[in-house]
Each structure stands twice: as C-alpha cells, then as structure tokens.
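S.K.: This is my_file33.pdb (PDB, C-alpha atoms and all ligand atoms).
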```
ATOM      1  CA  MET B  15       0.000   0.000   0.000
ATOM      2  CA  LEU B  16       1.300   3.484  -0.823
ATOM      3  CA  LEU B  17       1.957   6.055   1.845
ATOM      4  CA  ARG B  18      -0.559   8.811   2.473
ATOM      5  CA  GLU B  19       0.713  12.283   1.641
ATOM      6  CA  VAL B  20       2.849  13.590   4.489
ATOM      7  CA  GLU B  21       4.956  16.706   5.159
ATOM      8  CA  TYR B  22       8.670  15.992   5.430
ATOM      9  CA  VAL B  23      11.352  18.085   7.147
ATOM     10  CA  ARG B  24      15.036  17.394   7.624
ATOM     11  CA  PRO B  25      16.263  19.663  10.440
ATOM     12  CA  ALA B  26      19.935  20.568  10.719
ATOM     13  CA  SER B  27      20.106  20.616  14.516
ATOM     14  CA  VAL B  28      18.667  18.693  17.446
ATOM     15  CA  GLU B  29      17.151  21.946  18.753
ATOM     16  CA  ASP B  30      15.263  22.406  15.466
ATOM     17  CA  ALA B  31      14.102  18.787  15.508
ATOM     18  CA  VAL B  32      12.806  19.104  19.070
ATOM     19  CA  ARG B  33      11.071  22.390  18.230
ATOM     20  CA  LEU B  34       9.402  20.928  15.119
ATOM     21  CA  LEU B  35       8.210  17.883  17.041
ATOM     22  CA  ALA B  36       6.785  20.151  19.758
ATOM     23  CA  GLU B  37       5.115  22.532  17.304
ATOM     24  CA  HIS B  38       3.089  19.912  15.420
ATOM     25  CA  ASP B  39       0.810  17.561  17.306
ATOM     26  CA  GLY B  40       0.929  15.094  14.432
ATOM     27  CA  ALA B  41       4.711  15.141  13.980
ATOM     28  CA  ARG B  42       6.824  12.001  14.388
ATOM     29  CA  ALA B  43      10.575  11.520  14.376
ATOM     30  CA  LEU B  44      11.877   9.452  11.471
ATOM     31  CA  ALA B  45      14.976   7.406  12.277
ATOM     32  CA  GLY B  46      15.682   4.241  10.223
ATOM     33  CA  GLY B  47      12.038   4.059   9.144
ATOM     34  CA  GLN B  48      12.024   0.268   9.537
ATOM     35  CA  THR B  49       8.997   0.343  11.816
ATOM     36  CA  LEU B  50       7.499   3.771  11.173
ATOM     37  CA  ILE B  51       7.249   3.545   7.382
ATOM     38  CA  ASN B  52       5.715   0.077   7.642
ATOM     39  CA  VAL B  53       3.054   1.174  10.128
ATOM     40  CA  MET B  54       2.336   4.215   7.938
ATOM     41  CA  LYS B  55       1.902   2.008   4.904
ATOM     42  CA  ALA B  56      -0.450  -0.217   6.893
ATOM     43  CA  ARG B  57      -2.343   2.966   7.982
ATOM     44  CA  ALA B  58      -1.728   2.041  11.614
ATOM     45  CA  ALA B  59      -0.109   5.476  12.044
ATOM     46  CA  SER B  60      -0.682   8.640  10.021
ATOM     47  CA  PRO B  61       1.665  11.387  11.117
ATOM     48  CA  ASP B  62       1.173  14.798   9.464
ATOM     49  CA  VAL B  63       4.872  15.652   9.527
ATOM     50  CA  LEU B  64       7.936  13.431   9.429
ATOM     51  CA  VAL B  65      10.932  14.984  11.160
ATOM     52  CA  ASP B  66      13.919  13.168   9.658
ATOM     53  CA  LEU B  67      16.760  12.776  12.182
ATOM     54  CA  ASN B  68      19.223  11.327   9.663
ATOM     55  CA  ARG B  69      21.289  14.499   9.244
ATOM     56  CA  LEU B  70      21.873  14.997  12.928
ATOM     57  CA  GLU B  71      25.517  14.037  13.467
ATOM     58  CA  GLU B  72      25.121  14.856  17.165
ATOM     59  CA  LEU B  73      22.848  11.808  17.490
ATOM     60  CA  LYS B  74      25.314   9.418  15.852
ATOM     61  CA  GLY B  75      28.348   7.594  17.149
ATOM     62  CA  ILE B  76      29.655   5.287  19.828
ATOM     63  CA  GLU B  77      32.026   6.495  22.528
ATOM     64  CA  LEU B  78      33.797   4.585  25.250
ATOM     65  CA  GLY B  79      34.789   6.859  28.143
ATOM     66  CA  SER B  80      37.936   6.377  30.212
ATOM     67  CA  ASP B  81      35.687   5.319  33.112
ATOM     68  CA  GLY B  82      34.197   2.504  31.001
ATOM     69  CA  THR B  83      30.941   4.333  30.233
ATOM     70  CA  LEU B  84      29.646   3.445  26.791
ATOM     71  CA  GLU B  85      27.602   6.115  24.995
ATOM     72  CA  LEU B  86      25.487   5.254  21.988
ATOM     73  CA  GLY B  87      23.896   7.975  19.875
ATOM     74  CA  ALA B  88      20.201   7.456  19.213
ATOM     75  CA  MET B  89      20.854   7.380  15.439
ATOM     76  CA  THR B  90      23.510   4.664  15.652
ATOM     77  CA  THR B  91      22.514   1.676  13.518
ATOM     78  CA  TYR B  92      22.641  -1.971  14.597
ATOM     79  CA  THR B  93      25.384  -2.609  11.993
ATOM     80  CA  GLU B  94      27.491   0.210  13.441
ATOM     81  CA  VAL B  95      27.142  -1.338  16.898
ATOM     82  CA  THR B  96      28.060  -4.798  15.615
ATOM     83  CA  GLU B  97      31.169  -3.464  13.838
ATOM     84  CA  SER B  98      32.328  -1.079  16.556
ATOM     85  CA  ALA B  99      35.449  -1.841  18.590
ATOM     86  CA  GLU B 100      34.198   0.475  21.367
ATOM     87  CA  ALA B 101      30.851  -1.337  21.620
ATOM     88  CA  ARG B 102      32.760  -4.547  22.374
ATOM     89  CA  ALA B 103      33.087  -3.135  25.893
ATOM     90  CA  ARG B 104      29.555  -4.611  26.221
ATOM     91  CA  PRO B 105      29.851  -7.656  23.912
ATOM     92  CA  ILE B 106      26.195  -8.607  24.399
ATOM     93  CA  LEU B 107      25.150  -5.452  22.505
ATOM     94  CA  GLY B 108      26.828  -6.514  19.256
ATOM     95  CA  GLU B 109      25.675 -10.109  19.727
ATOM     96  CA  VAL B 110      22.035  -9.026  20.053
ATOM     97  CA  CYS B 111      22.174  -6.413  17.254
ATOM     98  CA  ALA B 112      23.623  -9.036  14.899
ATOM     99  CA  GLN B 113      20.502 -11.175  15.510
ATOM    100  CA  ILE B 114      17.966  -8.513  14.530
ATOM    101  CA  ALA B 115      16.075  -9.338  11.325
ATOM    102  CA  ASP B 116      18.085  -9.024   8.092
ATOM    103  CA  VAL B 117      20.922  -6.915   6.668
ATOM    104  CA  GLN B 118      18.625  -4.144   5.431
ATOM    105  CA  VAL B 119      16.932  -3.733   8.802
ATOM    106  CA  ARG B 120      20.317  -3.834  10.553
ATOM    107  CA  ASN B 121      21.784  -1.210   8.206
ATOM    108  CA  ARG B 122      18.881   1.213   8.672
ATOM    109  CA  GLY B 123      17.416   0.434  12.093
ATOM    110  CA  THR B 124      18.685   2.570  14.965
ATOM    111  CA  ILE B 125      19.151   2.232  18.699
ATOM    112  CA  GLY B 126      16.816   5.206  19.320
ATOM    113  CA  GLY B 127      14.134   3.872  16.961
ATOM    114  CA  ASN B 128      14.249   0.454  18.573
ATOM    115  CA  VAL B 129      13.708   1.713  22.112
ATOM    116  CA  CYS B 130      11.181   4.413  21.102
ATOM    117  CA  SER B 131       8.979   2.070  19.014
ATOM    118  CA  ASN B 132       7.015   0.826  21.991
ATOM    119  CA  ASP B 133       7.063  -2.663  20.451
ATOM    120  CA  PRO B 134       7.286  -5.328  23.178
ATOM    121  CA  THR B 135       8.875  -7.759  20.737
ATOM    122  CA  ASN B 136      11.858  -5.486  20.037
ATOM    123  CA  HIS B 137      15.197  -6.820  21.201
ATOM    124  CA  LEU B 138      16.760  -3.708  22.729
ATOM    125  CA  PRO B 139      14.479  -2.407  25.534
ATOM    126  CA  PRO B 140      14.980  -5.441  27.840
ATOM    127  CA  LEU B 141      18.678  -5.558  26.968
ATOM    128  CA  MET B 142      19.111  -1.885  27.875
ATOM    129  CA  VAL B 143      17.367  -2.493  31.194
ATOM    130  CA  ALA B 144      19.610  -5.507  31.865
ATOM    131  CA  LEU B 145      22.701  -3.399  31.122
ATOM    132  CA  GLY B 146      21.498  -0.614  33.424
ATOM    133  CA  ALA B 147      21.435   1.877  30.528
ATOM    134  CA  THR B 148      20.145   5.408  30.993
ATOM    135  CA  MET B 149      18.637   7.546  28.224
ATOM    136  CA  THR B 150      19.200  11.232  27.612
ATOM    137  CA  ILE B 151      15.944  12.844  26.526
ATOM    138  CA  ARG B 152      15.791  16.232  24.840
ATOM    139  CA  ALA B 153      12.525  18.142  24.870
ATOM    140  CA  THR B 154      11.113  21.641  24.975
ATOM    141  CA  GLY B 155       9.335  23.177  27.917
ATOM    142  CA  GLY B 156      10.271  24.082  31.451
ATOM    143  CA  GLU B 157      11.958  21.717  33.830
ATOM    144  CA  ARG B 158      10.080  20.520  36.878
ATOM    145  CA  THR B 159      11.051  18.104  39.573
ATOM    146  CA  ILE B 160       9.443  16.424  42.532
ATOM    147  CA  ASP B 161      11.201  15.092  45.614
ATOM    148  CA  GLY B 162       9.286  12.960  48.037
ATOM    149  CA  ILE B 163       8.689   9.935  50.204
ATOM    150  CA  ALA B 164       6.547   6.986  49.057
ATOM    151  CA  ASP B 165       5.340   3.833  50.760
ATOM    152  CA  GLY B 166       5.560   1.374  47.877
ATOM    153  CA  ARG B 167       2.052   2.210  46.627
ATOM    154  CA  ARG B 168       1.566   5.959  46.753
ATOM    155  CA  ILE B 169       3.229   9.266  47.487
ATOM    156  CA  VAL B 170       2.946  10.076  51.164
ATOM    157  CA  LEU B 171       4.793  13.386  50.971
ATOM    158  CA  GLY B 172       5.614  15.110  47.696
ATOM    159  CA  HIS B 173       7.481  18.349  47.163
ATOM    160  CA  PRO B 174       7.061  19.629  43.561
ATOM    161  CA  LYS B 175       9.155  22.509  42.305
ATOM    162  CA  THR B 176      10.620  24.145  39.236
ATOM    163  CA  ARG B 177      14.085  23.198  38.140
ATOM    164  CA  GLU B 178      15.598  26.494  37.191
ATOM    165  CA  SER B 179      18.719  27.224  35.230
ATOM    166  CA  MET B 180      22.046  27.838  36.889
ATOM    167  CA  ARG B 181      22.381  31.326  38.214
ATOM    168  CA  ALA B 182      25.795  31.342  39.875
ATOM    169  CA  GLY B 183      28.041  28.419  39.192
ATOM    170  CA  LEU B 184      26.393  25.386  40.697
ATOM    171  CA  ALA B 185      23.873  27.301  42.742
ATOM    172  CA  MET B 186      20.288  27.035  41.541
ATOM    173  CA  TYR B 187      17.067  28.709  42.471
ATOM    174  CA  PHE B 188      13.761  26.898  42.567
ATOM    175  CA  VAL B 189      10.186  27.860  43.207
ATOM    176  CA  THR B 190       7.918  25.374  44.942
ATOM    177  CA  LEU B 191       4.809  24.601  42.917
ATOM    178  CA  GLU B 192       1.212  23.650  43.382
ATOM    179  CA  ASP B 193       1.106  21.316  40.408
ATOM    180  CA  GLY B 194      -1.605  18.667  40.451
ATOM    181  CA  ALA B 195      -0.620  17.333  37.019
ATOM    182  CA  LEU B 196       2.986  16.825  38.133
ATOM    183  CA  MET B 197       1.774  15.049  41.279
ATOM    184  CA  ASP B 198      -0.481  12.791  39.141
ATOM    185  CA  ILE B 199       2.428  11.776  36.898
ATOM    186  CA  ALA B 200       4.631  11.122  39.936
ATOM    187  CA  GLU B 201       1.810   9.164  41.604
ATOM    188  CA  ARG B 202       1.516   6.875  38.562
ATOM    189  CA  ILE B 203       5.280   6.286  38.422
ATOM    190  CA  VAL B 204       5.531   5.605  42.161
ATOM    191  CA  SER B 205       2.689   3.097  41.988
ATOM    192  CA  ALA B 206       3.940   1.342  38.808
ATOM    193  CA  LEU B 207       7.517   1.035  40.106
ATOM    194  CA  GLU B 208       6.383   0.330  43.672
ATOM    195  CA  ILE B 209       8.816   2.953  44.952
ATOM    196  CA  GLU B 210       9.408   2.808  48.653
ATOM    197  CA  HIS B 211      11.222   5.531  50.594
ATOM    198  CA  PHE B 212      12.796   8.581  48.879
ATOM    199  CA  PHE B 213      12.253   9.361  45.216
ATOM    200  CA  ASN B 214      13.006  12.151  42.790
ATOM    201  CA  ILE B 215      11.316  12.505  39.403
ATOM    202  CA  GLN B 216      12.429  15.071  36.834
ATOM    203  CA  LEU B 217      10.536  16.292  33.787
ATOM    204  CA  VAL B 218      11.327  18.499  30.817
ATOM    205  CA  GLY B 219       8.021  19.695  29.407
ATOM    206  CA  GLU B 220       5.796  16.617  29.564
ATOM    207  CA  HIS B 221       8.701  14.173  29.290
ATOM    208  CA  VAL B 222      10.006  12.272  32.280
ATOM    209  CA  ILE B 223      13.796  12.457  32.035
ATOM    210  CA  GLU B 224      14.873  10.834  35.284
ATOM    211  CA  VAL B 225      13.471   8.711  38.083
ATOM    212  CA  ASN B 226      15.845   8.385  41.022
ATOM    213  CA  PRO B 227      15.525   6.344  44.221
ATOM    214  CA  ARG B 228      16.731   9.322  46.265
ATOM    215  CA  ILE B 229      15.892  12.960  46.747
ATOM    216  CA  SER B 230      17.796  15.401  44.541
ATOM    217  CA  THR B 231      18.121  18.163  47.085
ATOM    218  CA  ILE B 232      17.968  18.241  50.836
ATOM    219  CA  VAL B 233      14.642  19.962  51.238
ATOM    220  CA  TYR B 234      14.842  21.707  54.525
ATOM    221  CA  GLN B 235      12.627  24.418  55.864
ATOM    222  CA  GLU B 236      11.725  25.266  59.411
ATOM    223  CA  ASP B 237       8.690  23.001  59.447
ATOM    224  CA  LEU B 238       9.590  20.451  56.769
ATOM    225  CA  ASN B 239      12.772  18.421  56.626
ATOM    226  CA  LEU B 240      12.468  15.633  54.067
ATOM    227  CA  PRO B 241      15.674  13.686  54.891
ATOM    228  CA  TYR B 242      14.833  13.676  58.603
ATOM    229  CA  LEU B 243      11.235  12.599  57.929
ATOM    230  CA  GLY B 244      12.424   9.927  55.489
ATOM    231  CA  ILE B 245      14.714   8.414  58.115
ATOM    232  CA  LYS B 246      11.973   8.533  60.760
ATOM    233  CA  SER B 247       9.672   6.806  58.280
ATOM    234  CA  ALA B 248      12.284   4.096  57.516
ATOM    235  CA  LEU B 249      12.678   3.489  61.275
ATOM    236  CA  GLY B 250       8.905   3.214  61.689
ATOM    237  CA  GLU B 251       8.801   6.280  63.945
ATOM    238  CA  ILE B 252       6.319   8.139  61.768
ATOM    239  CA  SER B 253       3.402   6.626  59.871
ATOM    240  CA  PRO B 254       2.457   7.278  56.211
ATOM    241  CA  GLU B 255      -0.730   8.951  57.485
ATOM    242  CA  GLU B 256       1.276  11.328  59.679
ATOM    243  CA  LEU B 257       3.541  12.149  56.752
ATOM    244  CA  MET B 258       0.490  12.827  54.585
ATOM    245  CA  GLN B 259      -0.735  15.369  57.106
ATOM    246  CA  LEU B 260       2.526  17.274  56.661
ATOM    247  CA  SER B 261       1.703  17.906  52.969
ATOM    248  CA  ALA B 262       0.172  21.237  53.970
ATOM    249  CA  GLN B 263       3.689  22.349  54.874
ATOM    250  CA  VAL B 264       4.713  22.149  51.188
ATOM    251  CA  ARG B 265       3.617  25.662  50.408
ATOM    252  CA  PRO B 266       3.708  26.779  46.762
ATOM    253  CA  THR B 267       5.536  29.880  45.511
ATOM    254  CA  ARG B 268       8.294  29.617  48.116
ATOM    255  CA  ARG B 269      11.763  30.394  46.814
ATOM    256  CA  ALA B 270      14.530  27.863  47.397
ATOM    257  CA  LEU B 271      18.248  27.865  46.768
ATOM    258  CA  ARG B 272      20.299  24.753  46.223
ATOM    259  CA  TYR B 273      24.037  24.537  46.652
ATOM    260  CA  PHE B 274      26.481  21.854  47.718
ATOM    261  CA  ASP B 275      25.979  20.793  51.318
ATOM    262  CA  GLN B 276      29.300  20.537  53.046
ATOM    263  CA  VAL B 277      30.484  20.961  56.596
ATOM    264  CA  GLU B 278      34.174  21.070  57.533
ATOM    265  CA  TRP B 279      35.931  21.384  60.868
ATOM    266  CA  ASP B 280      39.376  20.942  62.400
ATOM    267  CA  ASP B 281      39.520  17.583  64.095
ATOM    268  CA  THR B 282      41.362  18.047  67.398
ATOM    269  CA  SER B 283      40.256  14.754  68.918
ATOM    270  CA  SER B 284      42.717  11.978  69.746
ATOM    271  CA  ALA B 285      41.490  10.062  66.700
ATOM    272  CA  ALA B 286      42.694  12.898  64.415
ATOM    273  CA  GLY B 287      44.974  11.617  61.722
ATOM    274  CA  THR B 288      43.356   8.181  61.713
ATOM    275  CA  GLN B 289      42.834   7.138  58.125
ATOM    276  CA  LEU B 290      39.183   6.790  57.275
ATOM    277  CA  PRO B 291      38.282   4.083  54.796
ATOM    278  CA  PRO B 292      37.611   5.439  51.269
ATOM    279  CA  ARG B 293      33.960   6.108  50.479
ATOM    280  CA  SER B 294      32.497   3.547  48.143
TER     281      SER B 294
HETATM  282  C1  LIG H 301      11.222  -7.219   8.643
HETATM  283  C2  LIG H 301      11.517  -6.617   9.968
HETATM  284  C3  LIG H 301      11.911  -7.444  11.017
HETATM  285  C4  LIG H 301      12.212  -6.900  12.249
HETATM  286  N1  LIG H 301      12.624  -7.707  13.260
HETATM  287  C5  LIG H 301      13.044  -7.172  14.447
HETATM  288  C6  LIG H 301      13.556  -7.983  15.491
HETATM  289  O1  LIG H 301      13.676  -9.198  15.377
HETATM  290  N2  LIG H 301      13.935  -7.378  16.660
HETATM  291  C7  LIG H 301      13.848  -6.027  16.832
HETATM  292  O2  LIG H 301      14.235  -5.537  17.886
HETATM  293  N3  LIG H 301      13.365  -5.246  15.849
HETATM  294  C8  LIG H 301      12.945  -5.774  14.677
HETATM  295  N4  LIG H 301      12.434  -4.969  13.700
HETATM  296  C9  LIG H 301      12.230  -3.549  13.989
HETATM  297  C10 LIG H 301      13.487  -2.780  13.652
HETATM  298  O3  LIG H 301      14.482  -3.125  14.587
HETATM  299  C11 LIG H 301      13.287  -1.273  13.639
HETATM  300  O4  LIG H 301      14.455  -0.766  13.070
HETATM  301  C12 LIG H 301      13.075  -0.587  14.974
HETATM  302  O5  LIG H 301      11.953  -1.065  15.649
HETATM  303  C13 LIG H 301      12.840   0.901  14.761
HETATM  304  O6  LIG H 301      14.021   1.539  14.475
HETATM  305  P1  LIG H 301      14.111   2.607  13.348
HETATM  306  O7  LIG H 301      15.431   3.294  13.527
HETATM  307  O8  LIG H 301      13.873   1.989  12.042
HETATM  308  O9  LIG H 301      12.969   3.645  13.771
HETATM  309  P2  LIG H 301      11.737   4.265  12.984
HETATM  310  O10 LIG H 301      10.954   3.194  12.329
HETATM  311  O11 LIG H 301      12.191   5.386  12.123
HETATM  312  O12 LIG H 301      10.943   4.864  14.216
HETATM  313  C14 LIG H 301      10.253   4.017  15.118
HETATM  314  C15 LIG H 301       9.516   4.863  16.169
HETATM  315  O13 LIG H 301      10.429   5.460  17.058
HETATM  316  C16 LIG H 301      10.334   6.893  17.000
HETATM  317  N5  LIG H 301      11.713   7.368  17.080
HETATM  318  C17 LIG H 301      12.762   6.944  16.345
HETATM  319  N6  LIG H 301      13.891   7.520  16.746
HETATM  320  C18 LIG H 301      13.545   8.367  17.747
HETATM  321  C19 LIG H 301      14.274   9.275  18.565
HETATM  322  N7  LIG H 301      15.598   9.418  18.448
HETATM  323  N8  LIG H 301      13.599   9.985  19.483
HETATM  324  C20 LIG H 301      12.265   9.844  19.638
HETATM  325  N9  LIG H 301      11.507   8.993  18.895
HETATM  326  C21 LIG H 301      12.160   8.267  17.959
HETATM  327  C22 LIG H 301       9.659   7.197  15.679
HETATM  328  O14 LIG H 301       8.958   8.420  15.703
HETATM  329  C23 LIG H 301       8.720   6.020  15.544
HETATM  330  O15 LIG H 301       7.569   6.218  16.312
HETATM  331  C24 LIG H 301      12.117  -5.481  12.445
HETATM  332  C25 LIG H 301      11.720  -4.657  11.386
HETATM  333  C26 LIG H 301      11.417  -5.211  10.151
HETATM  334  C27 LIG H 301      11.008  -4.303   9.028
END
```
Could you show the structure in this file as structure tokens?
Ligand SMILES: Cc1cc2nc3c(=O)[nH]c(=O)nc-3n(C[C@H](O)[C@H](O)[C@H](O)COP(=O)(O)OP(=O)(O)OC[C@H]3O[C@@H](n4cnc5c(N)ncnc54)[C@H](O)[C@@H]3O)c2cc1C
M.R.:
Amino acid sequence: MLLREVEYVRPASVEDAVRLLAEHDGARALAGGQTLINVMKARAASPDVLVDLNRLEELKGIELGSDGTLELGAMTTYTEVTESAEARARPILGEVCAQIADVQVRNRGTIGGNVCSNDPTNHLPPLMVALGATMTIRATGGERTIDGIADGRRIVLGHPKTRESMRAGLAMYFVTLEDGALMDIAERIVSALEIEHFFNIQLVGEHVIEVNPRISTIVYQEDLNLPYLGIKSALGEISPEELMQLSAQVRPTRRALRYFDQVEWDDTSSAAGTQLPPRS
C-alpha cells in the first residue's frame, strides 16, 4: 500500500528537531524508518509531519569513556554497533544487534528507533534495562522536579518545584509549585515502580527524564525536613498517614536555593589523623 501524503522536514540541529516535534501535534521523528514507514503504509499510524533525524551528526556515534561508560547515539545503527570496537566493551550489545532481522533492517534500524517504538517484541528495551542503561531525553518546555517519600504504593509526601537554570556556578534557584498534574504523573510512576522511601522525578516539558531512588536536594525548611522525615519513616517512627498530614507544609511559591551541602571542621580529637576508609 502506498503512503498517504505527508509533510517531510530534515532539520539541521537537534534543537530544530525538538522544536518541530513540539510545534506539530501530528509530527513524528523518522529514524531508520524500519517500523514507522511500515506502520504508515499499513495505515496504523498517520503522522502529518515526518521529522527526519538522519542528518543529525550529534545523534550518531559510539564512545567509550575512560571510566568505562559506553555512549550510543540514538541514530547509531545496529550494523554500526556490531562493527564497533568500542561497543565490544559490552559484547552482548553486538551479539544481540547481529541477531535482529536481516541486513537491510540492521543497516537502517537505529538504537533510538528500537527503544522508542514501543514494540514489546523489540530486542533492545529489555537488553538496555539488563545493562542498566540510561537515556538522555531532549525536549522543549520548562523543567520541573518532585522530591518525596513513598510507601511502595503511593506518594505520602511530595514536594514539587521548578528546576531552574544555573544562576551562579552550581547554585540554583527553585520555586515550589502547586502542580496537580505533576503530582499525578509522579503518583503513577511511584505506583507502577512500587517505589518505597525517597524518590526524585524530573521532567522536561511533559517528558520524564529521570526517576531516582533518592531525593535530589535536601529539602529543609523550618517546618519540613524531608531527609529527617524519610529516616523517621524508615525506622517506623512516623506513619504514612502522619507524613500525609505534613503535605500542607509544602507551600507553593516559596523560593529555594540549592548549593552543595558541606560541613568542615578541624579535628582536634585523639582520633585525628586516623585514616578513614575510602567512600564507596
Ligand atoms: C522485517 C523486519 C523485522 C524486524 N525484526 C526485528 C527484530 O527481530 N527485533 C527487533 O528488535 N526489531 C525488529 N524490527 C524492527 C526494527 O528493529 C526497527 O528498526 C526498529 O523497531 C525501529 O528503528 P528505526 O530506527 O527503524 O525507527 P523508525 O521506524 O524510524 O521509528 C520508530 C519509532 O520510534 C520513534 N523514534 C525513532 N527515533 C527516535 C528518537 N531518536 N527519538 C524519539 N523517537 C524516535 C519514531 O517516531 C517512531 O515512532 C524489524 C523490522 C522489520 C522491518
């Protein structure tokens, strides 16, 4: 079956691609096209605009860092992974990519397309989970984040806020938010992942970019101290219901400043000079 008529754009930068995808509700990224073009032909998807990522050099390539971190660009093909010396740092990657379909699919299909296809039969999503991979997501829109404490089923205390740009070196300002939609997203993630204890969820626009099993900032105010409450909760000294009652203390529009937390002092005790074991 022939394709329906569709607009086609080939942006020259990732910023342009992200902007185009945000501007058009019916826009879809085009990577290797090995899934997307087929579903368009079958009329299972009918995007209005195809945003072709194939010119974006920034999204291509495989890099092995000196610390052993392996970085794969979203537009890296399966064949490039199979043939890459760097990718052999995780031999299973090349072994799996070499098994995918046929030469044409392997030459065109990309890492990003495979994990973004939402196809449960694709090879790469479970492999990436098994390897502990993380994804870098680019999107438009403001950054928001939520720190909190959960009990394995629900959020018992959530602290949503903006995630503002750097203002002075590493120091950052935030504004606490009253953001029901952000709380709903966090609530769904907490329940699906059965998160217990601290969590931090970060969004850019509507896209979740990170879910961490810890809080990102020590939220401390006179009447709300998340680390302290989290430890009391872990020790069973405060109940989820009592934590929930403290939600009123998360007051929107408050200004917050984040900077490194560090305390130093001269150790004059007799144990001074004793070598402490290195931190793991
Ligand atoms: C005959 C055949 C057999 C196949 N067998 C297998 C198999 O055994 N195992 C397997 O894992 N796969 C298989 N596939 C699927 C193949 O691996 C596809 O290449 C893959 O699913 C999609 O990758 P793509 O680069 O072609 O993406 P595309 O088809 O271009 O895009 C797929 C989806 O991802 C989105 N997308 C792509 N890149 C990005 C990005 N960077 N950011 C955001 N969204 C993005 C697109 O908008 C689209 O919705 C097969 C495909 C064919 C045609």
S.K.: Quick one: distance from atom C26 of ligand LIG 301 (chain H) to CA of Thr93 in chain B in Å, one decimal?
M.R.: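 Value for the atom C26 of ligand LIG 301 (chain H)-CA of Thr93 in chain B distance: 14.3 Å.
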S.K.: Counting all atoms listed in the file, find residues at most 12 Å from (-2.1, 15.2, 42.5) (file frame) and give them as a short mmCIF file (atom, residue, chain, number, x, y, z; two decimals) with C-alpha atoms, in the coordinates of the input.
M.R.:
```
data_model
loop_
_atom_site.label_atom_id
_atom_site.label_comp_id
_atom_site.auth_asym_id
_atom_site.auth_seq_id
_atom_site.Cartn_x
_atom_site.Cartn_y
_atom_site.Cartn_z
CA ILE B 160 9.44 16.42 42.53
CA ARG B 168 1.57 5.96 46.75
CA ILE B 169 3.23 9.27 47.49
CA VAL B 170 2.95 10.08 51.16
CA LEU B 171 4.79 13.39 50.97
CA GLY B 172 5.61 15.11 47.70
CA HIS B 173 7.48 18.35 47.16
CA PRO B 174 7.06 19.63 43.56
CA LEU B 191 4.81 24.60 42.92
CA GLU B 192 1.21 23.65 43.38
CA ASP B 193 1.11 21.32 40.41
CA GLY B 194 -1.60 18.67 40.45
CA ALA B 195 -0.62 17.33 37.02
CA LEU B 196 2.99 16.82 38.13
CA MET B 197 1.77 15.05 41.28
CA ASP B 198 -0.48 12.79 39.14
CA ILE B 199 2.43 11.78 36.90
CA ALA B 200 4.63 11.12 39.94
CA GLU B 201 1.81 9.16 41.60
CA ARG B 202 1.52 6.88 38.56
CA SER B 261 1.70 17.91 52.97
#
```
S.K.: Could you please extract the residues within 9 Å of ligand LIG 301 (chain H), counting only C-alpha atoms and all ligand atoms, and hand them back as a ChimeraX atom specification?
M.R.: /B:41-53,59,64-67,73,87-92,110-111,113-116,118-139,151-152
S.K.: Grab the CA of Val117 in chain B to CA of Val143 in chain B distance for me, in Å with one decimal place.
M.R.: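 CA of Val143 in chain B lies at a distance of 25.2 Å from CA of Val117 in chain B.
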S.K.: If the PyMOL selection byres (((chain B and resi 188) around 7) and not hetatm) were run on this exact file, what residues would it hold? Put them as a ChimeraX atom specification.
M.R.: /B:175-178,186-187,189-190,269-271
S.K.: Could you tell me, as a ChimeraX atom specification, exactly which residues end up selected when the PyMOL selection byres (((chain B and resi 239) around 12) and not hetatm) is applied to this structure?
M.R.: /B:161-163,171-173,229,231-238,240-246,257,260-261,263-264
S.K.: So what do you get for CA of His38 in chain B versus CA of Val23 in chain B, distance-wise?
M.R.: 11.8 Å
